[in-house]
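Enquirer: Pasting a structure here, questions to come.
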Amino acid sequence: MQPVPAALLSRLFGFAAAALLAACANVAPPAAPAQPTPATPPAAPRTRPDPAVIYAPPAIDKSYTSVAQDSRVQFIVLHYTAIDWDKSLRVLTTGGQVSAHYLVRDEPAQIYQIVDENRRAWHAGMSFWAGNSFLNAASIGIEIVNPGYRDTPAGRVYAPYSQAQIDQVIALVRDLQWRHQVKPERILGHADIGPGRKQDPGPGFPWKQFADAGLIPWPDPDQVARKRLDHEISPRDMGWVQERLARIGYNVPRTGLLDEMTQGVISTFQMKYRPENIDGLIDPQTAALIDVVSTPEFMRIKRADEAVTKPYTSQF
């Protein structure tokens with residue numbers, strides 16, 4: 001074998017070195033060790049606006065008024081407090097669980113406003129009337145200082161109201177009804193919107209005086225007399241009674257039976273229209289009253305500027 005000339009070896013070595021350098025140039029350098037991802041810093045806690053800072057209110061133009069509106073107040077609900085004046089004031093203003101827009105004292109008879117009419121008071125609780133429920137947001141509550149009832153061996157006895165106190169309540173309800181245009185059939189007792197569960201303002205409350213003052217409709221006595229004879233001859237079943245009570249507005253079951261809840265509704269109805277007997281049972285007089293009250297054209301009302309009653313046909 002002939003020896004490779006030195007010049008050729010030098011050239012071959014140069015090509016190899018160049019190729020090696022080129023190959024090294026295409027090799028990526030070793031990766032640096034992974035660094036831990038920094039944790040996201042927690043969000044700064046939200047703080048209330050500084051009350052010392054005065055914020056400019058938005059510019060609101062009130063030059064236009066919609067005709068499609070009415071009062072927030074759709075119902076007026078009457079209660080008794082079942083406790084004396086001092087306790088009533090304390091519970092309704094500092095108790096934290098119950099309130100009313102107005103409190104009517106007994107001695108002396110005086111009206112106090114304790115919740116603004118534009119705000120919701122907590123007086124109605126679980127409530128229902130004519131398809132409307134939870135009436136706190138749509139009503140004005142009036143608490144009347146009265147001890148309520150006491151149970152005796154002879155039965156339950158309800159405390160009377162003074163005439164001076166009733167005169168104050170009538171004046172207050174008349175003003176509220178006029179200002180808020182509350183429908184007469186929506187002036188109610190707490191018992192009406194929570195029958196069986198609530199008794200106030202009780203059978204001693206003079207609803208007939210409210211009718212005589214033109215504030216609520218009242219059953220036509222001639223129609224009641226005719227219907228009573230009809231129900232003596234042909235008594236209706238409990239399904240009819242429940243349907244008619246529901247038509248008036250009460251929350252009543254449709255079982256067709258005189259169950260406990262139905263009896264409570266009947267007793268509540270009797271408190272208003274037949275307070276001398278509130279046994280919760282159906283007799284011809286109670287059936288006749290239910291028949292008439294559930295038929296709007298048989299109800300009558302006396303307008304403020306009229307001496308006689310007229311048929312009340314705008315119910316609901």
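How things are named: the first chain in the structure tokens is A, the next is B, and so on; residues count from 1 in each chain; ligands count from 1 in the order shown.
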Residues of segment 123-160 of chain A that have any atom at most 8 Å from an atom of segment 100-110 of chain A: could you tabulate them with the shortest-distance atom pair and the distance in Å to one decimal, using only C-alpha atoms, ordered by chain and increasing number, as JSON lines?

Expert:
```
{"residue": "A:His123", "atom": "CA", "partner": "A:Ala100", "partner_atom": "CA", "distance": 5.6}
{"residue": "A:Ile140", "atom": "CA", "partner": "A:His101", "partner_atom": "CA", "distance": 6.1}
{"residue": "A:Gly141", "atom": "CA", "partner": "A:Ala100", "partner_atom": "CA", "distance": 4.9}
{"residue": "A:Ile142", "atom": "CA", "partner": "A:Tyr102", "partner_atom": "CA", "distance": 4.8}
{"residue": "A:Glu143", "atom": "CA", "partner": "A:Leu103", "partner_atom": "CA", "distance": 4.8}
{"residue": "A:Ile144", "atom": "CA", "partner": "A:Val104", "partner_atom": "CA", "distance": 4.8}
{"residue": "A:Val145", "atom": "CA", "partner": "A:Arg105", "partner_atom": "CA", "distance": 5.4}
{"residue": "A:Asn146", "atom": "CA", "partner": "A:Asp106", "partner_atom": "CA", "distance": 7.2}
```

Enquirer: What does the file look like for those residues with N, CA, C and O atoms, as a PDB file, in the first residue's frame?

Expert:
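Generated file (out14.pdb):
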```
ATOM      1  N   HIS A 123     -95.010  41.622  58.614  1.00  0.00           N
ATOM      2  CA  HIS A 123     -96.214  41.414  59.421  1.00  0.00           C
ATOM      3  C   HIS A 123     -97.095  40.276  58.918  1.00  0.00           C
ATOM      4  O   HIS A 123     -97.828  39.669  59.699  1.00  0.00           O
ATOM      5  N   ILE A 140     -99.809  46.959  53.376  1.00  0.00           N
ATOM      6  CA  ILE A 140     -99.538  47.778  54.553  1.00  0.00           C
ATOM      7  C   ILE A 140    -100.121  47.050  55.753  1.00  0.00           C
ATOM      8  O   ILE A 140    -101.289  46.633  55.734  1.00  0.00           O
ATOM      9  N   GLY A 141     -99.300  46.882  56.788  1.00  0.00           N
ATOM     10  CA  GLY A 141     -99.737  46.209  57.994  1.00  0.00           C
ATOM     11  C   GLY A 141    -100.069  47.200  59.094  1.00  0.00           C
ATOM     12  O   GLY A 141     -99.320  48.146  59.337  1.00  0.00           O
ATOM     13  N   ILE A 142    -101.213  46.968  59.742  1.00  0.00           N
ATOM     14  CA  ILE A 142    -101.645  47.804  60.856  1.00  0.00           C
ATOM     15  C   ILE A 142    -101.794  46.916  62.087  1.00  0.00           C
ATOM     16  O   ILE A 142    -102.626  45.997  62.095  1.00  0.00           O
ATOM     17  N   GLU A 143    -100.978  47.153  63.092  1.00  0.00           N
ATOM     18  CA  GLU A 143    -101.072  46.423  64.352  1.00  0.00           C
ATOM     19  C   GLU A 143    -101.890  47.254  65.346  1.00  0.00           C
ATOM     20  O   GLU A 143    -101.616  48.443  65.556  1.00  0.00           O
ATOM     21  N   ILE A 144    -102.882  46.616  65.953  1.00  0.00           N
ATOM     22  CA  ILE A 144    -103.765  47.279  66.908  1.00  0.00           C
ATOM     23  C   ILE A 144    -103.487  46.690  68.288  1.00  0.00           C
ATOM     24  O   ILE A 144    -103.550  45.468  68.471  1.00  0.00           O
ATOM     25  N   VAL A 145    -103.154  47.543  69.247  1.00  0.00           N
ATOM     26  CA  VAL A 145    -102.861  47.051  70.596  1.00  0.00           C
ATOM     27  C   VAL A 145    -104.141  46.483  71.209  1.00  0.00           C
ATOM     28  O   VAL A 145    -105.126  47.204  71.424  1.00  0.00           O
ATOM     29  N   ASN A 146    -104.107  45.175  71.464  1.00  0.00           N
ATOM     30  CA  ASN A 146    -105.250  44.462  72.017  1.00  0.00           C
ATOM     31  C   ASN A 146    -104.728  43.143  72.566  1.00  0.00           C
ATOM     32  O   ASN A 146    -103.898  42.498  71.928  1.00  0.00           O
TER      33      ASN A 146
END
```

Enquirer: Counting only C-alpha atoms, which residue out of A:Ser133, A:Trp85, A:Val73, A:Ile290 sits closest to Asp116 of chain A?

Expert: A:Val73

Enquirer: Just asking: which residues within segment 53-164 of chain A are strand (DSSP E) according to DSSP, as number ranges by chain?

Expert: A: 75-80, 102-104, 111-113, 128-129, 132-133, 139-144, 149-152, 155-158

Enquirer: Tell me which of A:Gln263, A:Thr313, A:Gln199, A:Thr255 sits closest to Tyr80 of chain A, counting only C-alpha atoms.

Expert: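 Closest to Tyr80 of chain A, using only C-alpha atoms: A:Gln199.
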
Enquirer: Within 8 Å of Gly239 of chain A, counting only C-alpha atoms, which residues show up once you throw out same-chain ones fewer than 5 positions away? Write them as a list in words, please.

Expert: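 So the residues in contact are Arg254, Thr255, Gly256 and Leu257 of chain A.
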
Enquirer: Give me, as a list in words, all polymer residues having an atom no more than 9 Å from Ile282 of chain A, counting only C-alpha atoms and skipping those fewer than 2 positions away in the same chain.

Expert: Met238, Val241, Gln263, Ile266, Asp279, Gly280, Pro284, Gln285, Thr286 and Ala287 of chain A

Enquirer: Residues near Arg119 of chain A, anyone? I mean within 10 Å using only C-alpha atoms, not counting same-chain ones fewer than 2 positions away, as JSON, numbers by chain.

Expert: {"A": [72, 101, 115, 116, 117, 121, 122, 136, 137, 138, 139, 140]}

Enquirer: Can you list every residue in segment 90-311 of chain A that DSSP puts in helix (DSSP H, G or I), as an MDAnalysis selection string?

Expert: chainID A and resid 90:94 135:138 163:180 184:186 190:193 207:212 221:233 238:248 260:273 284:293 296:298

Enquirer: Would you mind reading off the distance between atom CA of Tyr250 of chain A and atom CA of Phe128 of chain A, one decimal, in Å?

Expert: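 It comes out at 7.2 Å.
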